[in-house]
There are 4 protein chains.
Amino acid sequence: MKTERKILLTQSQDHAGLIAQVTHICFKHGLNIIKNDEFVDREHHQFFMRTELEGVFDDTTLLEALTQALPSNTAHRLSTATRKRLVLMVTKEPHCLGELLMKSQYGSLNADIVGVIGNHNDLEELTQKFNVPFHCISHNGLSREEQEKDIQDIISGYNPDYVILAKYMRILTPSFVEQYSNRIINIHHSFLPAFIGAKPYHQAYARGVKIIGATAHFVSNDLDEGPIITQDVTHVDHRYTADQMAQAGRQVEESVLYHAVQQVTNEKVFVYGNRTVVFD
Amino acid sequence: MKTERKILLTQSQDHAGLIAQVTHICFKHGLNIIKNDEFVDREHHQFFMRTELEGVFDDTTLLEALTQALPSNTAHRLSTATRKRLVLMVTKEPHCLGELLMKSQYGSLNADIVGVIGNHNDLEELTQKFNVPFHCISHNGLSREEQEKDIQDIISGYNPDYVILAKYMRILTPSFVEQYSNRIINIHHSFLPAFIGAKPYHQAYARGVKIIGATAHFVSNDLDEGPIITQDVTHVDHRYTADQMAQAGRQVEESVLYHAVQQVTNEKVFVYGNRTVVFD
Amino acid sequence: MKTERKILLTQSQDHAGLIAQVTHICFKHGLNIIKNDEFVDREHHQFFMRTELEGVFDDTTLLEALTQALPSNTAHRLSTATRKRLVLMVTKEPHCLGELLMKSQYGSLNADIVGVIGNHNDLEELTQKFNVPFHCISHNGLSREEQEKDIQDIISGYNPDYVILAKYMRILTPSFVEQYSNRIINIHHSFLPAFIGAKPYHQAYARGVKIIGATAHFVSNDLDEGPIITQDVTHVDHRYTADQMAQAGRQVEESVLYHAVQQVTNEKVFVYGNRTVVFD
Amino acid sequence: MKTERKILLTQSQDHAGLIAQVTHICFKHGLNIIKNDEFVDREHHQFFMRTELEGVFDDTTLLEALTQALPSNTAHRLSTATRKRLVLMVTKEPHCLGELLMKSQYGSLNADIVGVIGNHNDLEELTQKFNVPFHCISHNGLSREEQEKDIQDIISGYNPDYVILAKYMRILTPSFVEQYSNRIINIHHSFLPAFIGAKPYHQAYARGVKIIGATAHFVSNDLDEGPIITQDVTHVDHRYTADQMAQAGRQVEESVLYHAVQQVTNEKVFVYGNRTVVFD
């Protein structure tokens, strides 16, 4: 009987007494609460709680007790603190891939990058430095469906917790996205005002912006961008060329994506509708 | 029977089941939990919880129930969401006073400045613009004890929740500080513990720093600086003279003090030993 | 013959030798260069230089010498370091007005607010605290042209250097804007992604953004937003209601507008096309 | 005769006409000024100028002309835009080494890491992933002088422009430091001058700080810490353990060191006394 640490995630329609019930059941099962984060979205009547527990776990009994005691619309998930498994998808830009590889193997990212898929082979060498398998699935000569089928086969082989689009520059089809609901994370250059379309940094330069930003979000089909996890910006000025703005942007992109992946793999993020709750 | 919103603050030595017990008692008294923040300092075995409640309150009954159910070393406080009362102490610099007056009367500071005490009269005009009484208690011709006695008499008349040292440039005696334990908030130029003593911005300039900071903290006698509430910095460079560094510093000072006062008056801050828990 | 400090602003099509020529002429006129900022936009072949000079000035002779020596497409302006004159236009929100009044009279803003015009009278009391005249020009019962005519008459009476839209919530006509080319500064809520239209903070809340931003810019008719001077953001999270996002936004707005006005009144900003050069 | 881009660095006691003289000589030699940054330290009467030039260079003639025309206390340096050579010194922590290797080979760092020296061999594997030679010079069984002699022999073999202490945890002797005056860059945990000594993050934790910072500086013997190049901070709160503060600190350390190395290798940094001028 080993003392372990696990995270209990509770999501429910809101009603009175939820915190008391859940924490009481944990107490009765001999589990200590290390940290408890709770949030109620009063507008949408949604309840979210993240409970870090320590003790000797009997997962089945605990989850059954919770299911019996709590309303039927409550979802529970008990997550062990093991390292998550990530598959990365890339094109040609190395900055996000490099940051995640480094932080996974030499830093504090609580996840293993188990495989990398590129639609070009530019990043094979960088990936292999870290002893991670690289798969080149070119979109040349294949229909979008065929290429995605090949990608899905590779992803399935790795059974990852999340798929990270680390500057993957192709649009994914709705059916692909549906396979991994709220499990695909993308990094998006976003600015003030937002520049959608080609060459965003050239647009930002032409507009004379003083800030460059990036957004990490889950990929969804319902809305154009999906639920936002993290955003940040960096300051630029008139001396930046469009290329230097892009370079500053890459620095924000890699940092924002790293933080988003860290939050998600540490079980700090709930998704509902087009929004997230991030217990930072 | 009116529906109200109050904040329950619980501080205790840590032991199992605390969250469940407190939230259960709130539930039994028909109170809804709007927001619950909880933290356990595992090193010092201290438990902190801030619970925003909504419902019809019977304060006495609720506090009695909590006292009976919980260990004897647990402290409870039930705070109504009314505006707090502040007395400010100032010398000659207007920036912190001006920021707090403006945010109190035209912004989102949840507190009234009921009186201002200066050891000079430079800031009388600014204070009176906002229809707040100003009291000049010069230290000239008085012993430190006599001056502080006069100040205490004025403070007592206002019965404030907190005393804010908004760039009050005199050291307070231990006996004065003891009168208002964890209720005096100070703003400190530059960093803690760096650059103690006279002309801190000239020291910072001479050292060639690239960052200027400010610290808001409770005033205590036990340690040299007291528990830190908020800190922030701004970037400077070689082009700043010592005076321009001081000017940049004032901007950080007023912003950091405002945020600290906002957190304290919104009942988001616990103090224990020389540390704070700030449920931001 | 008094030693003074003035700022020489030079804007020109770029060609070789410009810095040498301008600085040589200053030297020959016995003027010391305290600080010299220079920028060449290589893409648009534009040259910008800001030269802080100290010495005994003969303005006419100096400007004539510069005009003769330099190409005909060069614009020079010699600015004395006197305080600039500002007229503010407001509606109902006090935060930007309050910040500028406080920083003008008690802080480091190098400008006087000589008058305030509101289309409502909500901010009359705040304005008059600072002994600044307030003019209420309601848009009720007047055509847009009639109301703007009244506003222009008041502005003309003050002969201001700049007109600051400190949360003035009406659209100005092109003919009004043309009267004050590159002399009207506006503060705009802008986000990631940008939310144009009504209730921007409610849009931002619905989108689940993690950042709230603001943009200070010159008002122009050529493009929808005009040349950007300053931008900044603040972080928000899932716990913010739409109203709390608006409150966080107001904090950024007042800070960004203050910095933009400070830069403009200190003669640090050049405008060309839809872009600015800001020698910070 | 090839068009090149070079950087002219001028440092001098201040006197009138310096900008005009230098820029005129550049003009006469057919060189175009792309960008010119200038600063006068009025307190210490020091003049600094960084001039980016484009054209066909005759270095000897240009430098002779400058030397003849300008006062004898003026120092000139003409730097080509080639990539700088760096030797890194490390102990056991990988974060700064990893960041610099990645940014050098896959990012925008304008420098090659030509060799890495460790007093332990923990980082050999990471270094060799990037095909950079690693030298382990243990301090065991050697006097400080003997170990430093071995290190100097290796450094000499690489003829580097700068030596980067990327979390090298040993104190260097004055005679070592003198060999590389203003050419050794160190990253310092926490603030300067706060928290000197062992376990700085545990000191910071015990003090209850709300900010963690890092400082990149040149190593000198004259003063305790040497001229500061870059500083930055990150926010922490009560939930951080000492270990988590250290982790947050490492993130700032790698970012601050990267930016300092980027500024130095792009010839943007002047040193004088215990201060720097950084033309950012």
# chains A, B, ... in the order shown; residues from 1 in each chain; ligands from 1

$ select_by_dssp --residues "stretch 64-138 of chain A" --states "strand (DSSP E)" --output "ChimeraX atom specification"
/A:75-80,84-90,111-118,134-136

$ write_last_selection --atoms "C-alpha atoms" --output "PDB file, in the first residue's frame"
ATOM      1  CA  ALA A  75     -17.967  14.301 -14.447  1.00  0.00           C
ATOM      2  CA  HIS A  76     -15.039  13.019 -12.422  1.00  0.00           C
ATOM      3  CA  ARG A  77     -11.582  12.152 -13.541  1.00  0.00           C
ATOM      4  CA  LEU A  78      -8.767  10.866 -11.371  1.00  0.00           C
ATOM      5  CA  SER A  79      -5.408  11.576 -12.889  1.00  0.00           C
ATOM      6  CA  THR A  80      -2.135  10.101 -11.785  1.00  0.00           C
ATOM      7  CA  LYS A  84       1.929  12.687 -20.270  1.00  0.00           C
ATOM      8  CA  ARG A  85       2.661  11.453 -23.808  1.00  0.00           C
ATOM      9  CA  LEU A  86       2.846  14.039 -26.617  1.00  0.00           C
ATOM     10  CA  VAL A  87       2.997  13.735 -30.397  1.00  0.00           C
ATOM     11  CA  LEU A  88       4.188  16.922 -32.103  1.00  0.00           C
ATOM     12  CA  MET A  89       3.276  18.001 -35.623  1.00  0.00           C
ATOM     13  CA  VAL A  90       5.636  20.409 -37.391  1.00  0.00           C
ATOM     14  CA  ALA A 111       5.666  15.149 -20.510  1.00  0.00           C
ATOM     15  CA  ASP A 112       7.524  12.967 -23.003  1.00  0.00           C
ATOM     16  CA  ILE A 113       7.596  13.770 -26.678  1.00  0.00           C
ATOM     17  CA  VAL A 114       7.106  10.260 -28.046  1.00  0.00           C
ATOM     18  CA  GLY A 115       7.086  11.128 -31.734  1.00  0.00           C
ATOM     19  CA  VAL A 116       7.260  14.017 -34.216  1.00  0.00           C
ATOM     20  CA  ILE A 117       5.411  14.183 -37.535  1.00  0.00           C
ATOM     21  CA  GLY A 118       6.435  16.682 -40.233  1.00  0.00           C
ATOM     22  CA  PHE A 134      10.568  11.609 -36.793  1.00  0.00           C
ATOM     23  CA  HIS A 135       7.986  10.738 -39.473  1.00  0.00           C
ATOM     24  CA  CYS A 136       7.816  12.704 -42.699  1.00  0.00           C
TER      25      CYS A 136
END

$ residues_around --residues "D:His24" --least-positions-apart "3" --cutoff "8 Å" --atoms "only C-alpha atoms" --output "list in words"
Gly17, Ala20 and Gln21 of chain C; Ala20, Gln21, Phe27 and Lys28 of chain D

$ interface_residues --of "chain A" --to "chain B" --cutoff "7 Å" --atoms "only C-alpha atoms" --output "count of residues only"
15

$ residues_around --residues "stretch 255-272 of chain D" --least-positions-apart "3" --cutoff "7 Å" --atoms "only C-alpha atoms" --output "PDB file with all heavy atoms, in the first residue's frame"
ATOM      1  N   LYS D  84      30.114  35.896 -33.774  1.00  0.00           N
ATOM      2  CA  LYS D  84      31.096  35.858 -32.699  1.00  0.00           C
ATOM      3  C   LYS D  84      31.338  34.412 -32.253  1.00  0.00           C
ATOM      4  O   LYS D  84      30.526  33.527 -32.478  1.00  0.00           O
ATOM      5  CB  LYS D  84      30.611  36.699 -31.521  1.00  0.00           C
ATOM      6  CG  LYS D  84      30.513  38.175 -31.832  1.00  0.00           C
ATOM      7  CD  LYS D  84      31.891  38.796 -32.007  1.00  0.00           C
ATOM      8  CE  LYS D  84      31.797  40.300 -32.285  1.00  0.00           C
ATOM      9  NZ  LYS D  84      31.223  40.604 -33.622  1.00  0.00           N
ATOM     10  N   LEU D 100      21.244  28.397 -25.017  1.00  0.00           N
ATOM     11  CA  LEU D 100      22.228  29.020 -25.910  1.00  0.00           C
ATOM     12  C   LEU D 100      22.577  28.097 -27.079  1.00  0.00           C
ATOM     13  O   LEU D 100      22.755  28.561 -28.210  1.00  0.00           O
ATOM     14  CB  LEU D 100      23.482  29.419 -25.122  1.00  0.00           C
ATOM     15  CG  LEU D 100      23.282  30.580 -24.133  1.00  0.00           C
ATOM     16  CD1 LEU D 100      24.558  30.836 -23.330  1.00  0.00           C
ATOM     17  CD2 LEU D 100      22.858  31.861 -24.850  1.00  0.00           C
ATOM     18  N   LEU D 109      20.525  33.617 -32.415  1.00  0.00           N
ATOM     19  CA  LEU D 109      21.753  34.076 -31.757  1.00  0.00           C
ATOM     20  C   LEU D 109      22.854  34.205 -32.795  1.00  0.00           C
ATOM     21  O   LEU D 109      23.154  33.254 -33.526  1.00  0.00           O
ATOM     22  CB  LEU D 109      22.175  33.094 -30.654  1.00  0.00           C
ATOM     23  CG  LEU D 109      23.358  33.537 -29.796  1.00  0.00           C
ATOM     24  CD1 LEU D 109      23.044  34.816 -29.041  1.00  0.00           C
ATOM     25  CD2 LEU D 109      23.747  32.439 -28.824  1.00  0.00           C
ATOM     26  N   ASN D 110      23.466  35.385 -32.835  1.00  0.00           N
ATOM     27  CA  ASN D 110      24.478  35.693 -33.842  1.00  0.00           C
ATOM     28  C   ASN D 110      25.867  35.260 -33.378  1.00  0.00           C
ATOM     29  O   ASN D 110      26.815  36.031 -33.373  1.00  0.00           O
ATOM     30  CB  ASN D 110      24.440  37.201 -34.127  1.00  0.00           C
ATOM     31  CG  ASN D 110      25.359  37.596 -35.254  1.00  0.00           C
ATOM     32  OD1 ASN D 110      25.575  36.819 -36.183  1.00  0.00           O
ATOM     33  ND2 ASN D 110      25.920  38.781 -35.161  1.00  0.00           N
ATOM     34  N   ALA D 111      25.999  34.008 -32.958  1.00  0.00           N
ATOM     35  CA  ALA D 111      27.270  33.542 -32.408  1.00  0.00           C
ATOM     36  C   ALA D 111      27.339  32.024 -32.474  1.00  0.00           C
ATOM     37  O   ALA D 111      26.317  31.344 -32.433  1.00  0.00           O
ATOM     38  CB  ALA D 111      27.424  34.006 -30.959  1.00  0.00           C
ATOM     39  N   ILE D 187      25.643  34.887 -15.410  1.00  0.00           N
ATOM     40  CA  ILE D 187      24.225  35.013 -15.060  1.00  0.00           C
ATOM     41  C   ILE D 187      24.111  34.772 -13.563  1.00  0.00           C
ATOM     42  O   ILE D 187      24.661  33.802 -13.028  1.00  0.00           O
ATOM     43  CB  ILE D 187      23.350  34.030 -15.872  1.00  0.00           C
ATOM     44  CG1 ILE D 187      21.868  34.199 -15.511  1.00  0.00           C
ATOM     45  CG2 ILE D 187      23.770  32.584 -15.697  1.00  0.00           C
ATOM     46  CD1 ILE D 187      21.270  35.490 -16.025  1.00  0.00           C
ATOM     47  N   ALA D 214      16.713  37.804 -12.307  1.00  0.00           N
ATOM     48  CA  ALA D 214      18.039  37.364 -12.731  1.00  0.00           C
ATOM     49  C   ALA D 214      18.776  38.543 -13.355  1.00  0.00           C
ATOM     50  O   ALA D 214      18.161  39.448 -13.924  1.00  0.00           O
ATOM     51  CB  ALA D 214      17.936  36.216 -13.735  1.00  0.00           C
ATOM     52  N   THR D 215      20.094  38.505 -13.242  1.00  0.00           N
ATOM     53  CA  THR D 215      20.949  39.578 -13.724  1.00  0.00           C
ATOM     54  C   THR D 215      22.086  38.995 -14.548  1.00  0.00           C
ATOM     55  O   THR D 215      22.803  38.115 -14.069  1.00  0.00           O
ATOM     56  CB  THR D 215      21.553  40.354 -12.526  1.00  0.00           C
ATOM     57  OG1 THR D 215      20.500  40.981 -11.792  1.00  0.00           O
ATOM     58  CG2 THR D 215      22.541  41.410 -12.990  1.00  0.00           C
ATOM     59  N   ALA D 216      22.259  39.485 -15.772  1.00  0.00           N
ATOM     60  CA  ALA D 216      23.444  39.133 -16.570  1.00  0.00           C
ATOM     61  C   ALA D 216      24.414  40.298 -16.494  1.00  0.00           C
ATOM     62  O   ALA D 216      24.022  41.454 -16.668  1.00  0.00           O
ATOM     63  CB  ALA D 216      23.060  38.850 -18.015  1.00  0.00           C
ATOM     64  N   ILE D 229      24.357  44.058 -17.576  1.00  0.00           N
ATOM     65  CA  ILE D 229      23.926  44.150 -18.979  1.00  0.00           C
ATOM     66  C   ILE D 229      22.406  44.096 -19.071  1.00  0.00           C
ATOM     67  O   ILE D 229      21.777  44.930 -19.713  1.00  0.00           O
ATOM     68  CB  ILE D 229      24.536  43.007 -19.815  1.00  0.00           C
ATOM     69  CG1 ILE D 229      26.057  42.974 -19.657  1.00  0.00           C
ATOM     70  CG2 ILE D 229      24.151  43.146 -21.285  1.00  0.00           C
ATOM     71  CD1 ILE D 229      26.713  41.684 -20.133  1.00  0.00           C
ATOM     72  N   THR D 230      21.792  43.094 -18.466  1.00  0.00           N
ATOM     73  CA  THR D 230      20.337  42.894 -18.563  1.00  0.00           C
ATOM     74  C   THR D 230      19.811  42.351 -17.240  1.00  0.00           C
ATOM     75  O   THR D 230      20.497  41.591 -16.565  1.00  0.00           O
ATOM     76  CB  THR D 230      20.007  41.837 -19.647  1.00  0.00           C
ATOM     77  OG1 THR D 230      20.794  42.078 -20.795  1.00  0.00           O
ATOM     78  CG2 THR D 230      18.537  41.884 -20.029  1.00  0.00           C
ATOM     79  N   GLN D 231      18.592  42.732 -16.907  1.00  0.00           N
ATOM     80  CA  GLN D 231      17.895  42.186 -15.742  1.00  0.00           C
ATOM     81  C   GLN D 231      16.439  41.958 -16.088  1.00  0.00           C
ATOM     82  O   GLN D 231      15.850  42.714 -16.858  1.00  0.00           O
ATOM     83  CB  GLN D 231      17.958  43.162 -14.553  1.00  0.00           C
ATOM     84  CG  GLN D 231      19.347  43.439 -14.040  1.00  0.00           C
ATOM     85  CD  GLN D 231      19.340  44.319 -12.802  1.00  0.00           C
ATOM     86  OE1 GLN D 231      18.883  45.442 -12.844  1.00  0.00           O
ATOM     87  NE2 GLN D 231      19.859  43.799 -11.696  1.00  0.00           N
ATOM     88  N   ASP D 232      15.865  40.952 -15.502  1.00  0.00           N
ATOM     89  CA  ASP D 232      14.424  40.765 -15.643  1.00  0.00           C
ATOM     90  C   ASP D 232      13.899  39.969 -14.450  1.00  0.00           C
ATOM     91  O   ASP D 232      14.674  39.435 -13.659  1.00  0.00           O
ATOM     92  CB  ASP D 232      14.078  40.055 -16.952  1.00  0.00           C
ATOM     93  CG  ASP D 232      12.667  40.413 -17.435  1.00  0.00           C
ATOM     94  OD1 ASP D 232      11.949  41.160 -16.745  1.00  0.00           O
ATOM     95  OD2 ASP D 232      12.296  39.933 -18.514  1.00  0.00           O
ATOM     96  N   GLN D 251      13.990  29.744 -15.471  1.00  0.00           N
ATOM     97  CA  GLN D 251      13.350  30.253 -16.691  1.00  0.00           C
ATOM     98  C   GLN D 251      13.791  31.705 -16.962  1.00  0.00           C
ATOM     99  O   GLN D 251      14.094  32.064 -18.098  1.00  0.00           O
ATOM    100  CB  GLN D 251      11.831  30.173 -16.514  1.00  0.00           C
ATOM    101  CG  GLN D 251      11.016  30.346 -17.781  1.00  0.00           C
ATOM    102  CD  GLN D 251      11.053  29.130 -18.670  1.00  0.00           C
ATOM    103  OE1 GLN D 251      11.396  28.032 -18.234  1.00  0.00           O
ATOM    104  NE2 GLN D 251      10.743  29.323 -19.941  1.00  0.00           N
ATOM    105  N   VAL D 252      13.845  32.529 -15.921  1.00  0.00           N
ATOM    106  CA  VAL D 252      14.303  33.917 -16.105  1.00  0.00           C
ATOM    107  C   VAL D 252      15.785  33.940 -16.422  1.00  0.00           C
ATOM    108  O   VAL D 252      16.239  34.715 -17.259  1.00  0.00           O
ATOM    109  CB  VAL D 252      14.048  34.772 -14.851  1.00  0.00           C
ATOM    110  CG1 VAL D 252      14.176  36.251 -15.178  1.00  0.00           C
ATOM    111  CG2 VAL D 252      12.698  34.494 -14.251  1.00  0.00           C
ATOM    112  N   ARG D 275      29.471  50.441 -15.185  1.00  0.00           N
ATOM    113  CA  ARG D 275      28.196  50.636 -15.853  1.00  0.00           C
ATOM    114  C   ARG D 275      28.272  50.208 -17.309  1.00  0.00           C
ATOM    115  O   ARG D 275      29.346  50.093 -17.871  1.00  0.00           O
ATOM    116  CB  ARG D 275      27.803  52.118 -15.793  1.00  0.00           C
ATOM    117  CG  ARG D 275      27.674  52.651 -14.373  1.00  0.00           C
ATOM    118  CD  ARG D 275      27.696  54.160 -14.337  1.00  0.00           C
ATOM    119  NE  ARG D 275      26.625  54.723 -15.116  1.00  0.00           N
ATOM    120  CZ  ARG D 275      25.359  54.825 -14.693  1.00  0.00           C
ATOM    121  NH1 ARG D 275      25.050  54.420 -13.489  1.00  0.00           N
ATOM    122  NH2 ARG D 275      24.444  55.345 -15.465  1.00  0.00           N
ATOM    123  N   THR D 276      27.109  49.996 -17.909  1.00  0.00           N
ATOM    124  CA  THR D 276      27.074  49.700 -19.340  1.00  0.00           C
ATOM    125  C   THR D 276      26.146  50.676 -20.045  1.00  0.00           C
ATOM    126  O   THR D 276      25.216  51.210 -19.458  1.00  0.00           O
ATOM    127  CB  THR D 276      26.519  48.288 -19.622  1.00  0.00           C
ATOM    128  OG1 THR D 276      25.184  48.202 -19.126  1.00  0.00           O
ATOM    129  CG2 THR D 276      27.374  47.203 -19.000  1.00  0.00           C
ATOM    130  N   VAL D 277      26.441  50.887 -21.323  1.00  0.00           N
ATOM    131  CA  VAL D 277      25.500  51.528 -22.243  1.00  0.00           C
ATOM    132  C   VAL D 277      25.037  50.429 -23.185  1.00  0.00           C
ATOM    133  O   VAL D 277      25.870  49.773 -23.821  1.00  0.00           O
ATOM    134  CB  VAL D 277      26.183  52.667 -23.031  1.00  0.00           C
ATOM    135  CG1 VAL D 277      25.310  53.137 -24.176  1.00  0.00           C
ATOM    136  CG2 VAL D 277      26.526  53.813 -22.092  1.00  0.00           C
ATOM    137  N   VAL D 278      23.743  50.171 -23.238  1.00  0.00           N
ATOM    138  CA  VAL D 278      23.210  49.117 -24.104  1.00  0.00           C
ATOM    139  C   VAL D 278      22.261  49.754 -25.115  1.00  0.00           C
ATOM    140  O   VAL D 278      21.171  50.207 -24.766  1.00  0.00           O
ATOM    141  CB  VAL D 278      22.465  48.047 -23.278  1.00  0.00           C
ATOM    142  CG1 VAL D 278      21.956  46.938 -24.201  1.00  0.00           C
ATOM    143  CG2 VAL D 278      23.365  47.463 -22.194  1.00  0.00           C
ATOM    144  N   PHE D 279      22.708  49.822 -26.388  1.00  0.00           N
ATOM    145  CA  PHE D 279      21.867  50.401 -27.446  1.00  0.00           C
ATOM    146  C   PHE D 279      20.922  49.323 -27.955  1.00  0.00           C
ATOM    147  O   PHE D 279      21.229  48.618 -28.921  1.00  0.00           O
ATOM    148  CB  PHE D 279      22.728  50.963 -28.574  1.00  0.00           C
ATOM    149  CG  PHE D 279      23.469  52.227 -28.207  1.00  0.00           C
ATOM    150  CD1 PHE D 279      24.844  52.312 -28.350  1.00  0.00           C
ATOM    151  CD2 PHE D 279      22.785  53.327 -27.721  1.00  0.00           C
ATOM    152  CE1 PHE D 279      25.527  53.478 -28.027  1.00  0.00           C
ATOM    153  CE2 PHE D 279      23.453  54.501 -27.399  1.00  0.00           C
ATOM    154  CZ  PHE D 279      24.830  54.569 -27.549  1.00  0.00           C
ATOM    155  N   ASP D 280      19.790  49.207 -27.293  1.00  0.00           N
ATOM    156  CA  ASP D 280      18.894  48.076 -27.517  1.00  0.00           C
ATOM    157  C   ASP D 280      18.127  48.236 -28.843  1.00  0.00           C
ATOM    158  O   ASP D 280      17.700  49.297 -29.184  1.00  0.00           O
ATOM    159  CB  ASP D 280      17.928  47.992 -26.338  1.00  0.00           C
ATOM    160  CG  ASP D 280      17.458  46.579 -26.163  1.00  0.00           C
ATOM    161  OD1 ASP D 280      17.905  45.714 -26.920  1.00  0.00           O
ATOM    162  OD2 ASP D 280      16.661  46.344 -25.252  1.00  0.00           O
TER     163      ASP D 280
END

$ residues_around --residues "stretch 119-131 of chain A" --least-positions-apart "5" --cutoff "6 Å" --atoms "only C-alpha atoms" --output "list in words"
Thr91, Lys92, Cys136, Ile137 and Ser138 of chain A; Lys129 of chain D

$ write_last_selection --atoms "C-alpha atoms" --output "PDB file, in the first residue's frame"
ATOM      1  CA  THR A  91       6.474  21.931 -40.753  1.00  0.00           C
ATOM      2  CA  LYS A  92       9.758  23.851 -41.124  1.00  0.00           C
ATOM      3  CA  CYS A 136       7.816  12.704 -42.699  1.00  0.00           C
ATOM      4  CA  ILE A 137       4.325  12.577 -44.205  1.00  0.00           C
ATOM      5  CA  SER A 138       4.490  14.865 -47.200  1.00  0.00           C
TER       6      SER A 138
ATOM      7  CA  LYS D 129      24.042  16.435 -29.226  1.00  0.00           C
TER       8      LYS D 129
END

$ residues_around --residues "D:Glu99" --least-positions-apart "5" --cutoff "9 Å" --atoms "only C-alpha atoms" --output "list in words"
Glu99 and Met102 of chain A; Pro94, Ser104, Glu254, Ser255 and Tyr258 of chain D

$ write_last_selection --atoms "C-alpha atoms" --output "mmCIF file, in the first residue's frame"
data_model
loop_
_atom_site.group_PDB
_atom_site.id
_atom_site.type_symbol
_atom_site.label_atom_id
_atom_site.label_comp_id
_atom_site.auth_asym_id
_atom_site.auth_seq_id
_atom_site.Cartn_x
_atom_site.Cartn_y
_atom_site.Cartn_z
ATOM 1 C CA GLU A 99 11.830 24.496 -26.943
ATOM 2 C CA MET A 102 14.681 20.801 -24.512
ATOM 3 C CA PRO D 94 21.472 22.443 -18.211
ATOM 4 C CA SER D 104 22.841 29.418 -31.681
ATOM 5 C CA GLU D 254 18.088 31.421 -19.365
ATOM 6 C CA SER D 255 16.058 34.217 -20.940
ATOM 7 C CA TYR D 258 20.298 34.783 -23.889
#

$ residues_around --residues "A:Ile185" --least-positions-apart "2" --cutoff "6 Å" --atoms "only C-alpha atoms" --output "count of residues only"
5

$ residues_around --residues "stretch 247-249 of chain B" --least-positions-apart "2" --cutoff "10 Å" --atoms "only C-alpha atoms" --output "NGL selection string"
(:B and (95 or 189-190 or 201 or 211-214 or 233-236 or 240-245 or 251-255)) or (:C and (107-108))

$ select_by_dssp --residues "stretch 81-198 of chain B" --states "helix (DSSP H, G or I)" --output "number ranges by chain"
B: 95-106, 124-129, 144-158, 174-179

$ atom_distance --atom1 "atom CA of B:Gly55" --atom2 "atom CA of B:Leu70"
22.0 Å
